[in-house]
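With JSON, C-alpha atoms inside, this is final17.json:
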```json
[["chain", "number", "residue", "atom", "x", "y", "z"],
["T", 1, "MET", "CA", -30.58, -14.62, 221.64],
["T", 2, "PRO", "CA", -27.79, -17.26, 221.68],
["T", 3, "GLN", "CA", -24.41, -15.97, 222.84],
["T", 4, "ALA", "CA", -22.75, -17.10, 219.61],
["T", 5, "LEU", "CA", -24.96, -14.75, 217.58],
["T", 6, "ARG", "CA", -23.70, -11.56, 219.18],
["T", 7, "PRO", "CA", -20.29, -10.06, 220.06],
["T", 8, "PRO", "CA", -18.94, -12.48, 222.67],
["T", 9, "SER", "CA", -18.68, -10.04, 225.59],
["T", 10, "LEU", "CA", -21.37, -7.45, 224.76],
["T", 11, "ASP", "CA", -24.20, -6.94, 227.25],
["T", 12, "PRO", "CA", -27.43, -6.49, 225.21],
["T", 13, "VAL", "CA", -29.14, -4.60, 228.05],
["T", 14, "ALA", "CA", -26.31, -2.08, 228.22],
["T", 15, "ALA", "CA", -26.33, -1.76, 224.42],
["T", 16, "ALA", "CA", -30.07, -0.99, 224.46],
["T", 17, "ARG", "CA", -29.56, 1.66, 227.14],
["T", 18, "TRP", "CA", -26.81, 3.30, 225.11],
["T", 19, "GLN", "CA", -28.98, 3.39, 222.01],
["T", 20, "ALA", "CA", -31.80, 5.03, 224.00],
["T", 21, "LEU", "CA", -29.59, 7.55, 225.81],
["T", 22, "PRO", "CA", -30.83, 11.09, 225.05],
["T", 23, "ALA", "CA", -28.60, 13.33, 222.97],
["T", 24, "HIS", "CA", -27.25, 16.36, 224.80],
["T", 25, "ALA", "CA", -26.43, 18.25, 221.60],
["T", 26, "ALA", "CA", -27.20, 18.10, 217.90],
["T", 27, "GLN", "CA", -23.62, 17.18, 217.12],
["T", 28, "SER", "CA", -22.01, 13.95, 215.95],
["T", 29, "PRO", "CA", -18.71, 12.67, 217.41],
["T", 30, "TRP", "CA", -15.68, 14.09, 215.61],
["T", 31, "LEU", "CA", -14.16, 10.65, 215.00],
["T", 32, "HIS", "CA", -17.40, 9.39, 213.45],
["T", 33, "GLU", "CA", -17.52, 12.35, 211.08],
["T", 34, "GLU", "CA", -13.89, 11.78, 210.09],
["T", 35, "VAL", "CA", -14.52, 8.09, 209.41],
["T", 36, "ALA", "CA", -17.61, 9.02, 207.38],
["T", 37, "ARG", "CA", -15.53, 11.46, 205.34],
["T", 38, "ARG", "CA", -13.03, 8.71, 204.55],
["T", 39, "MET", "CA", -15.81, 6.28, 203.74],
["T", 40, "GLN", "CA", -17.29, 8.80, 201.30],
["T", 41, "GLU", "CA", -14.03, 8.73, 199.33],
["T", 42, "ARG", "CA", -14.77, 5.07, 198.56],
["T", 43, "LEU", "CA", -17.99, 6.12, 196.83],
["T", 44, "ASP", "CA", -15.87, 7.62, 194.03],
["T", 45, "PHE", "CA", -15.27, 4.07, 192.77],
["T", 46, "ILE", "CA", -18.96, 3.11, 192.69],
["T", 47, "LYS", "CA", -20.81, 3.82, 189.46],
["T", 48, "LEU", "CA", -24.34, 3.31, 190.77],
["T", 49, "GLN", "CA", -26.03, 6.62, 191.61],
["T", 50, "PRO", "CA", -28.65, 5.89, 194.29],
["T", 51, "ARG", "CA", -32.10, 7.31, 193.72],
["T", 52, "GLN", "CA", -33.20, 6.10, 197.15],
["T", 53, "TRP", "CA", -30.89, 5.45, 200.08],
["T", 54, "VAL", "CA", -30.95, 4.85, 203.82],
["T", 55, "HIS", "CA", -28.84, 6.57, 206.47],
["T", 56, "TRP", "CA", -28.78, 4.34, 209.53],
["T", 57, "GLY", "CA", -28.41, 6.36, 212.74],
["T", 58, "PRO", "CA", -27.39, 9.75, 211.32],
["T", 59, "LEU", "CA", -27.07, 11.58, 214.65],
["T", 60, "ARG", "CA", -24.27, 9.38, 215.91],
["T", 61, "GLY", "CA", -23.15, 8.33, 212.46],
["T", 62, "GLY", "CA", -22.61, 11.87, 211.19],
["T", 63, "LEU", "CA", -24.85, 14.86, 210.54],
["T", 64, "ALA", "CA", -22.14, 16.50, 208.44],
["T", 65, "ALA", "CA", -21.90, 13.25, 206.48],
["T", 66, "GLN", "CA", -25.66, 13.41, 205.86],
["T", 67, "ARG", "CA", -25.33, 16.87, 204.34],
["T", 68, "ALA", "CA", -22.35, 15.79, 202.23],
["T", 69, "LEU", "CA", -24.19, 12.75, 200.91],
["T", 70, "GLU", "CA", -27.20, 14.87, 200.03],
["T", 71, "GLN", "CA", -24.88, 17.09, 197.99],
["T", 72, "ARG", "CA", -23.40, 14.03, 196.29],
["T", 73, "TYR", "CA", -26.87, 12.65, 195.45],
["T", 74, "PRO", "CA", -29.01, 15.82, 195.18],
["T", 75, "LYS", "CA", -31.96, 14.15, 193.41],
["T", 76, "ALA", "CA", -32.18, 11.12, 195.69],
["T", 77, "GLN", "CA", -34.74, 10.38, 198.37],
["T", 78, "VAL", "CA", -33.21, 9.50, 201.75],
["T", 79, "TRP", "CA", -34.69, 7.61, 204.69],
["T", 80, "LEU", "CA", -33.30, 8.35, 208.17],
["T", 81, "ALA", "CA", -33.60, 5.14, 210.17],
["T", 82, "GLY", "CA", -32.24, 3.26, 213.16],
["T", 83, "GLU", "CA", -32.77, 5.98, 215.78],
["T", 84, "SER", "CA", -34.91, 6.39, 218.86],
["T", 85, "LEU", "CA", -37.72, 8.93, 218.69],
["T", 86, "ALA", "CA", -35.66, 11.40, 220.73],
["T", 87, "HIS", "CA", -32.65, 11.06, 218.43],
["T", 88, "ALA", "CA", -34.82, 11.28, 215.34],
["T", 89, "HIS", "CA", -36.27, 14.57, 216.62],
["T", 90, "VAL", "CA", -32.80, 16.01, 217.24],
["T", 91, "THR", "CA", -31.67, 14.86, 213.80],
["T", 92, "GLN", "CA", -34.69, 16.43, 212.13],
["T", 93, "GLN", "CA", -34.14, 19.75, 213.89],
["T", 94, "ALA", "CA", -30.43, 19.78, 213.10],
["T", 95, "LEU", "CA", -31.01, 19.13, 209.39],
["T", 96, "GLN", "CA", -33.91, 21.58, 209.04],
["T", 97, "ALA", "CA", -33.14, 24.10, 206.30],
["T", 98, "PRO", "CA", -33.37, 27.81, 207.22],
["T", 99, "TRP", "CA", -36.46, 29.59, 205.94],
["T", 100, "TRP", "CA", -34.47, 31.63, 203.43],
["T", 101, "GLN", "CA", -33.07, 28.57, 201.61],
["T", 102, "ALA", "CA", -34.85, 27.12, 198.59],
["T", 103, "GLN", "CA", -35.03, 23.68, 200.17],
["T", 104, "HIS", "CA", -37.28, 25.06, 202.89],
["T", 105, "TRP", "CA", -39.89, 26.08, 200.31],
["T", 106, "LEU", "CA", -39.49, 23.17, 197.89],
["T", 107, "GLY", "CA", -39.83, 20.57, 200.61],
["T", 108, "THR", "CA", -37.42, 17.95, 201.88],
["T", 109, "LYS", "CA", -36.47, 14.67, 200.28],
["T", 110, "ARG", "CA", -35.94, 13.13, 203.72],
["T", 111, "HIS", "CA", -38.23, 10.52, 205.26],
["T", 112, "GLN", "CA", -38.29, 8.87, 208.66],
["T", 113, "GLY", "CA", -37.93, 5.12, 209.11],
["T", 114, "LEU", "CA", -37.16, 2.48, 206.54],
["T", 115, "PRO", "CA", -38.31, 2.58, 202.91],
["T", 116, "PRO", "CA", -40.43, -0.21, 201.41],
["T", 117, "ASP", "CA", -38.60, -3.52, 201.30],
["T", 118, "HIS", "CA", -36.26, -4.12, 198.36],
["T", 119, "SER", "CA", -36.33, -0.48, 197.22],
["T", 120, "ALA", "CA", -33.18, 1.29, 198.47],
["T", 121, "HIS", "CA", -30.09, 1.53, 196.28],
["T", 122, "MET", "CA", -27.69, 2.23, 199.16],
["T", 123, "VAL", "CA", -27.62, 1.66, 202.89],
["T", 124, "TRP", "CA", -25.12, 3.89, 204.68],
["T", 125, "ALA", "CA", -24.24, 2.82, 208.24],
["T", 126, "ASN", "CA", -21.31, 4.58, 209.84],
["T", 127, "MET", "CA", -19.84, 3.38, 213.18],
["T", 128, "HIS", "CA", -22.85, 1.38, 214.40],
["T", 129, "LEU", "CA", -22.29, -2.35, 214.02],
["T", 130, "HIS", "CA", -19.76, -2.70, 216.84],
["T", 131, "ALA", "CA", -22.41, -1.57, 219.37],
["T", 132, "SER", "CA", -25.20, -3.79, 218.08],
["T", 133, "ALA", "CA", -26.30, -6.68, 220.27],
["T", 134, "GLU", "CA", -27.80, -8.43, 217.23],
["T", 135, "PRO", "CA", -25.49, -7.67, 214.30],
["T", 136, "GLN", "CA", -26.72, -10.57, 212.14],
["T", 137, "ALA", "CA", -30.31, -9.37, 212.45],
["T", 138, "LEU", "CA", -29.20, -5.83, 211.64],
["T", 139, "LEU", "CA", -27.39, -7.00, 208.51],
["T", 140, "GLN", "CA", -30.53, -8.84, 207.44],
["T", 141, "THR", "CA", -32.59, -5.66, 207.98],
["T", 142, "TRP", "CA", -30.25, -3.75, 205.69],
["T", 143, "HIS", "CA", -30.30, -6.56, 203.14],
["T", 144, "ARG", "CA", -34.11, -6.53, 203.11],
["T", 145, "ALA", "CA", -34.20, -2.77, 202.57],
["T", 146, "LEU", "CA", -31.95, -2.95, 199.51],
["T", 147, "ALA", "CA", -33.06, -3.50, 195.96],
["T", 148, "VAL", "CA", -31.23, -6.05, 193.83],
["T", 149, "ASP", "CA", -27.79, -4.65, 192.89],
["T", 150, "GLY", "CA", -28.07, -2.10, 195.70],
["T", 151, "PHE", "CA", -25.09, -1.84, 198.02],
["T", 152, "LEU", "CA", -24.20, -1.49, 201.68],
["T", 153, "MET", "CA", -21.51, 0.86, 202.97],
["T", 154, "PHE", "CA", -20.57, 0.53, 206.64],
["T", 155, "SER", "CA", -17.79, 1.12, 209.14],
["T", 156, "CYS", "CA", -17.20, 0.03, 212.71],
["T", 157, "LEU", "CA", -14.52, -0.37, 215.35],
["T", 158, "GLY", "CA", -12.12, -3.31, 215.09],
["T", 159, "PRO", "CA", -10.47, -5.46, 217.79],
["T", 160, "ASP", "CA", -7.29, -3.38, 218.13],
["T", 161, "THR", "CA", -9.32, -0.36, 219.27],
["T", 162, "LEU", "CA", -8.40, 0.85, 222.80],
["T", 163, "ARG", "CA", -5.64, -1.74, 223.07],
["T", 164, "ASP", "CA", -3.49, 0.60, 225.19],
["T", 165, "VAL", "CA", -6.40, 1.42, 227.50],
["T", 166, "ARG", "CA", -7.11, -2.29, 227.92],
["T", 167, "GLN", "CA", -3.51, -2.78, 229.00],
["T", 168, "VAL", "CA", -3.82, 0.05, 231.53],
["T", 169, "TYR", "CA", -6.93, -1.54, 233.01],
["T", 170, "ALA", "CA", -5.33, -5.00, 233.09],
["T", 171, "GLN", "CA", -2.24, -3.73, 234.89],
["T", 172, "ALA", "CA", -4.45, -2.04, 237.48],
["T", 173, "GLY", "CA", -6.52, -5.22, 237.97],
["T", 174, "TRP", "CA", -9.73, -3.59, 236.75],
["T", 175, "PRO", "CA", -12.45, -5.20, 234.56],
["T", 176, "GLU", "CA", -12.33, -4.58, 230.82],
["T", 177, "PRO", "CA", -13.03, -0.97, 229.70],
["T", 178, "ALA", "CA", -15.02, -2.14, 226.64],
["T", 179, "HIS", "CA", -16.42, -5.29, 225.08],
["T", 180, "ALA", "CA", -14.38, -7.18, 222.50],
["T", 181, "PHE", "CA", -14.87, -5.88, 218.96],
["T", 182, "THR", "CA", -15.47, -8.22, 216.02],
["T", 183, "ASP", "CA", -12.71, -9.01, 213.53],
["T", 184, "MET", "CA", -12.86, -7.79, 209.93],
["T", 185, "HIS", "CA", -12.92, -11.32, 208.50],
["T", 186, "ASP", "CA", -15.84, -12.31, 210.72],
["T", 187, "TRP", "CA", -17.83, -9.36, 209.39],
["T", 188, "GLY", "CA", -17.14, -10.60, 205.87],
["T", 189, "ASP", "CA", -18.48, -14.04, 206.77],
["T", 190, "MET", "CA", -21.60, -12.53, 208.35],
["T", 191, "LEU", "CA", -22.27, -10.45, 205.25],
["T", 192, "VAL", "CA", -22.32, -13.58, 203.12],
["T", 193, "GLU", "CA", -24.55, -15.37, 205.63],
["T", 194, "ALA", "CA", -26.98, -12.44, 205.51],
["T", 195, "GLY", "CA", -27.28, -12.79, 201.73],
["T", 196, "PHE", "CA", -24.79, -10.18, 200.53],
["T", 197, "ALA", "CA", -22.32, -10.83, 197.74],
["T", 198, "GLU", "CA", -18.83, -9.64, 196.83],
["T", 199, "PRO", "CA", -17.97, -8.26, 200.27],
["T", 200, "VAL", "CA", -14.92, -6.00, 200.30],
["T", 201, "MET", "CA", -13.35, -5.41, 203.71],
["T", 202, "ASP", "CA", -10.42, -3.24, 204.68],
["T", 203, "MET", "CA", -9.16, -1.46, 207.76],
["T", 204, "GLU", "CA", -6.94, 1.35, 208.94],
["T", 205, "ARG", "CA", -5.68, 2.63, 212.26],
["T", 206, "ILE", "CA", -6.33, 6.17, 213.45],
["T", 207, "THR", "CA", -4.37, 7.60, 216.37],
["T", 208, "LEU", "CA", -5.73, 10.52, 218.37],
["T", 209, "THR", "CA", -3.79, 12.48, 220.97],
["T", 210, "TYR", "CA", -5.05, 14.36, 224.02],
["T", 211, "ALA", "CA", -3.66, 17.02, 226.31],
["T", 212, "SER", "CA", -4.98, 15.37, 229.49],
["T", 213, "PRO", "CA", -6.79, 12.30, 230.82],
["T", 214, "ASP", "CA", -9.93, 14.42, 231.21],
["T", 215, "SER", "CA", -10.01, 15.29, 227.51],
["T", 216, "LEU", "CA", -9.38, 11.65, 226.59],
["T", 217, "LEU", "CA", -12.23, 10.42, 228.78],
["T", 218, "ALA", "CA", -14.57, 13.10, 227.44],
["T", 219, "GLU", "CA", -13.85, 11.88, 223.90],
["T", 220, "LEU", "CA", -14.57, 8.27, 224.84],
["T", 221, "ARG", "CA", -17.86, 9.19, 226.51],
["T", 222, "GLY", "CA", -18.97, 10.84, 223.30],
["T", 223, "LEU", "CA", -18.11, 7.73, 221.29],
["T", 224, "GLY", "CA", -19.95, 5.21, 223.43],
["T", 225, "ARG", "CA", -20.08, 3.37, 226.74],
["T", 226, "ASN", "CA", -18.53, 0.30, 228.29],
["T", 227, "LEU", "CA", -20.87, -2.49, 227.12],
["T", 228, "HIS", "CA", -18.83, -5.38, 228.51],
["T", 229, "VAL", "CA", -20.99, -7.97, 230.22],
["T", 230, "GLN", "CA", -18.50, -8.17, 233.13],
["T", 231, "ARG", "CA", -17.90, -4.44, 233.51],
["T", 232, "PHE", "CA", -17.81, -2.93, 237.01],
["T", 233, "GLN", "CA", -21.47, -2.64, 238.01],
["T", 234, "GLY", "CA", -21.41, -0.05, 240.80],
["T", 235, "LEU", "CA", -20.62, 3.63, 241.04],
["T", 236, "ARG", "CA", -16.96, 4.60, 241.07],
["T", 237, "SER", "CA", -15.52, 6.90, 243.71],
["T", 238, "CYS", "CA", -13.64, 10.15, 243.26],
["T", 239, "GLN", "CA", -10.53, 8.35, 244.48],
["T", 240, "TRP", "CA", -10.89, 5.76, 241.73],
["T", 241, "ARG", "CA", -11.26, 8.54, 239.13],
["T", 242, "GLU", "CA", -7.99, 10.02, 240.36],
["T", 243, "ARG", "CA", -6.33, 6.61, 240.09],
["T", 244, "LEU", "CA", -7.68, 6.26, 236.57],
["T", 245, "SER", "CA", -6.28, 9.65, 235.55],
["T", 246, "GLU", "CA", -2.90, 8.71, 236.96],
["T", 247, "ALA", "CA", -2.96, 5.33, 235.21],
["T", 248, "LEU", "CA", -3.87, 6.90, 231.87],
["T", 249, "MET", "CA", -0.70, 8.98, 231.98],
["T", 250, "ALA", "CA", 1.00, 5.78, 230.82],
["T", 251, "LEU", "CA", -0.42, 6.65, 227.40],
["T", 252, "ALA", "CA", 1.74, 9.82, 227.19],
["T", 253, "ARG", "CA", 4.23, 9.70, 224.33],
["T", 254, "THR", "CA", 7.40, 11.76, 224.20],
["T", 255, "GLU", "CA", 7.23, 11.83, 220.39],
["T", 256, "GLU", "CA", 3.83, 13.52, 220.74],
["T", 257, "GLY", "CA", 5.13, 16.19, 223.10],
["T", 258, "GLY", "CA", 3.83, 14.34, 226.15],
["T", 259, "ARG", "CA", 0.29, 14.10, 224.84],
["T", 260, "LEU", "CA", -1.72, 10.96, 225.54],
["T", 261, "SER", "CA", -2.07, 8.67, 222.53],
["T", 262, "LEU", "CA", -5.10, 6.49, 221.80],
["T", 263, "GLY", "CA", -5.44, 4.11, 218.85],
["T", 264, "PHE", "CA", -8.59, 3.09, 216.97],
["T", 265, "GLU", "CA", -8.90, 0.30, 214.42],
["T", 266, "ILE", "CA", -11.49, 1.28, 211.82],
["T", 267, "ILE", "CA", -13.09, -1.43, 209.68],
["T", 268, "TYR", "CA", -14.76, -0.52, 206.38],
["T", 269, "GLY", "CA", -17.15, -2.83, 204.55],
["T", 270, "HIS", "CA", -18.88, -2.80, 201.19],
["T", 271, "ALA", "CA", -21.17, -5.47, 199.75],
["T", 272, "LEU", "CA", -23.84, -5.90, 197.09],
["T", 273, "LYS", "CA", -27.30, -7.41, 197.20],
["T", 274, "PRO", "CA", -27.29, -9.98, 194.39],
["T", 275, "GLN", "CA", -30.08, -11.36, 192.29],
["T", 276, "PRO", "CA", -31.84, -14.04, 194.37],
["T", 277, "ARG", "CA", -31.10, -17.59, 193.35],
["T", 278, "MET", "CA", -33.61, -20.42, 193.44],
["T", 279, "LYS", "CA", -32.45, -23.46, 195.38],
["T", 280, "MET", "CA", -33.14, -26.81, 193.76],
["T", 281, "ALA", "CA", -34.62, -29.63, 195.78],
["T", 282, "ALA", "CA", -34.27, -33.30, 194.83],
["T", 283, "LYS", "CA", -37.30, -32.77, 192.63],
["T", 284, "THR", "CA", -38.25, -29.25, 191.60],
["T", 285, "GLU", "CA", -40.91, -28.13, 189.16],
["T", 286, "ILE", "CA", -40.60, -24.69, 187.56],
["T", 287, "GLY", "CA", -43.36, -23.21, 185.43],
["T", 288, "LEU", "CA", -42.53, -21.98, 181.95],
["T", 289, "ASP", "CA", -43.58, -18.42, 182.77],
["T", 290, "GLN", "CA", -41.42, -18.45, 185.91],
["T", 291, "MET", "CA", -38.45, -19.75, 183.92],
["T", 292, "ARG", "CA", -38.87, -17.00, 181.32],
["T", 293, "LEU", "CA", -39.04, -14.39, 184.08],
["T", 294, "MET", "CA", -35.86, -15.69, 185.71],
["T", 295, "LEU", "CA", -33.96, -15.77, 182.44],
["T", 296, "HIS", "CA", -35.18, -12.29, 181.52],
["T", 297, "SER", "CA", -34.10, -10.81, 184.89],
["T", 298, "GLY", "CA", -30.74, -12.58, 184.93],
["T", 299, "GLY", "CA", -31.56, -14.68, 187.98],
["T", 300, "GLY", "CA", -29.83, -17.99, 188.45],
["T", 301, "ILE", "CA", -30.64, -21.42, 189.79],
["T", 302, "ASP", "CA", -28.56, -23.29, 192.33],
["T", 303, "GLY", "CA", -28.20, -26.80, 190.96],
["T", 304, "LYS", "CA", -28.36, -28.52, 187.59],
["T", 305, "LEU", "CA", -31.25, -29.00, 185.24]]
```
As structure tokens - that is how I would like this structure written.
Amino acid sequence: MPQALRPPSLDPVAAARWQALPAHAAQSPWLHEEVARRMQERLDFIKLQPRQWVHWGPLRGGLAAQRALEQRYPKAQVWLAGESLAHAHVTQQALQAPWWQAQHWLGTKRHQGLPPDHSAHMVWANMHLHASAEPQALLQTWHRALAVDGFLMFSCLGPDTLRDVRQVYAQAGWPEPAHAFTDMHDWGDMLVEAGFAEPVMDMERITLTYASPDSLLAELRGLGRNLHVQRFQGLRSCQWRERLSEALMALARTEEGGRLSLGFEIIYGHALKPQPRMKMAAKTEIGLDQMRLMLHSGGGIDGKL
């Protein structure tokens, strides 16, 4: 894959390993669940009620979010996609209804994998795009899954994420702690290139605080891995870990009672799948039946007749 078609410093091999890493618990990262909760608030402004929707990577994207979305759309069918077999099994077990609940006896409305092409009314993808080695291809997969007038809701990390940690690493002379994250405006451009329309992008910054370097590092390990193509390749020593803990104390803030502060830039995106438009060549012939169908469905033609 050409370098220009992926995040400029992301190692695709490392990204694949992270995606395949087994889950140690049926629990989604706290930050991902919080971002999903905030993204759900944006659904209040969308009139379309999905009858079929896709949750891309629910284990890391948010199991609590999955349950909340099922309550929001109780009659809808949902497809759980974008996970390894191991993750899909953990997700299925975590979402299994107890035997005494009605859902256990009535059957689930969940399905594994992607639905038929052009059939979903919503694709929900929380905190995944920034770790994708092929984001354009992923956007096209989501576009193909959606029906006309269906919509995509996604979130991901933005370029200001871990800025303070990057400074700590730079001052110590260490390689980057993470690959560079894509800017909000670039995501908007890629949405249009993938065939989406009316992209709406916004961002916010979330600051988390930690009692110690150990708790900070444990949080980061739950969120992901260092996917930078020029990351340190060997094993680190115990002495280096001690140096890291000492260096991270630079993140302590007096206004936070001495707790370590870590900032995350969260990007939110929303876009629609429009009616396909027929491109006009220098000479184009359109049958009468085809023209009637296009006019009846509201489709347009690029060019002049």
Rank nothing, just name the residue among T:Ala211, T:Leu260, T:Cys156, T:Ala271 nearest to T:Pro199, using only C-alpha atoms.
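Once distances to T:Pro199 are computed over only C-alpha atoms, the minimum belongs to T:Ala271.
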Skip T:His228 itself and residues of its chain fewer than 4 positions away, then list as a list in words all residues within 8 Å of it, counting all atoms listed in the file.
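Surrounding residues, per the criterion: Ser9, Leu10, Asp11, Glu176, Pro177, Ala178, His179 and Ala180 of chain T.
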Tell me which protein, DNA and RNA residues are within 9 Å of T:Val148, counting all atoms listed in the file, leaving out same-chain ones fewer than 3 positions away, and put them as a ChimeraX atom specification.
/T:118-121,151,272-276
List as JSON, numbers by chain the residues having at least one atom at most 7 Å from position (-11.2, -4.1, 204.3) as given in the file, counting all atoms listed in the file.
{"T": [184, 200, 201, 202, 203, 267, 268, 269]}
Pick the closest to T:Gln19 from T:Pro74, T:Gly224, T:Pro159, T:Gly263: which is it, counting only C-alpha atoms?
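Closest residue, counting only C-alpha atoms: T:Gly224.
Across the structure, atom CA of T:Pro135 and atom CA of T:Arg60 are spaced 17.2 Å apart.
Pairwise distance (atom CA of T:Gly222, atom CA of T:Pro29) equals 6.2 Å.
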Please, what distance in Å, to one decimal, runs between atom CA of T:Ala194 and atom CA of T:Leu138?
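Pair atom CA of T:Ala194 / atom CA of T:Leu138 returns 9.3 Å.
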Select all residues near (-36.1, 8.2, 198.8) (cut-off 6 Å, inclusive, file coordinates), counting all atoms listed in the file, and output them as a list in words.
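Those within range, by chain then number, are Gln52, Ala76, Gln77 and Val78 of chain T.
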Using all atoms listed in the file, pick whichever of T:Trp187, T:Phe196, T:Tyr210, T:Trp174 has the shortest atom-to-atom distance to T:Gln233.
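Smallest separation from T:Gln233 among the options: T:Trp174.
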Nearby residues (all atoms listed in the file) at most 10 Å from T:Leu31, same-chain spacing under 4 positions excluded, as an NGL selection string:
:T and (35-37 or 61-62 or 127 or 206 or 208 or 219 or 222-223 or 264)
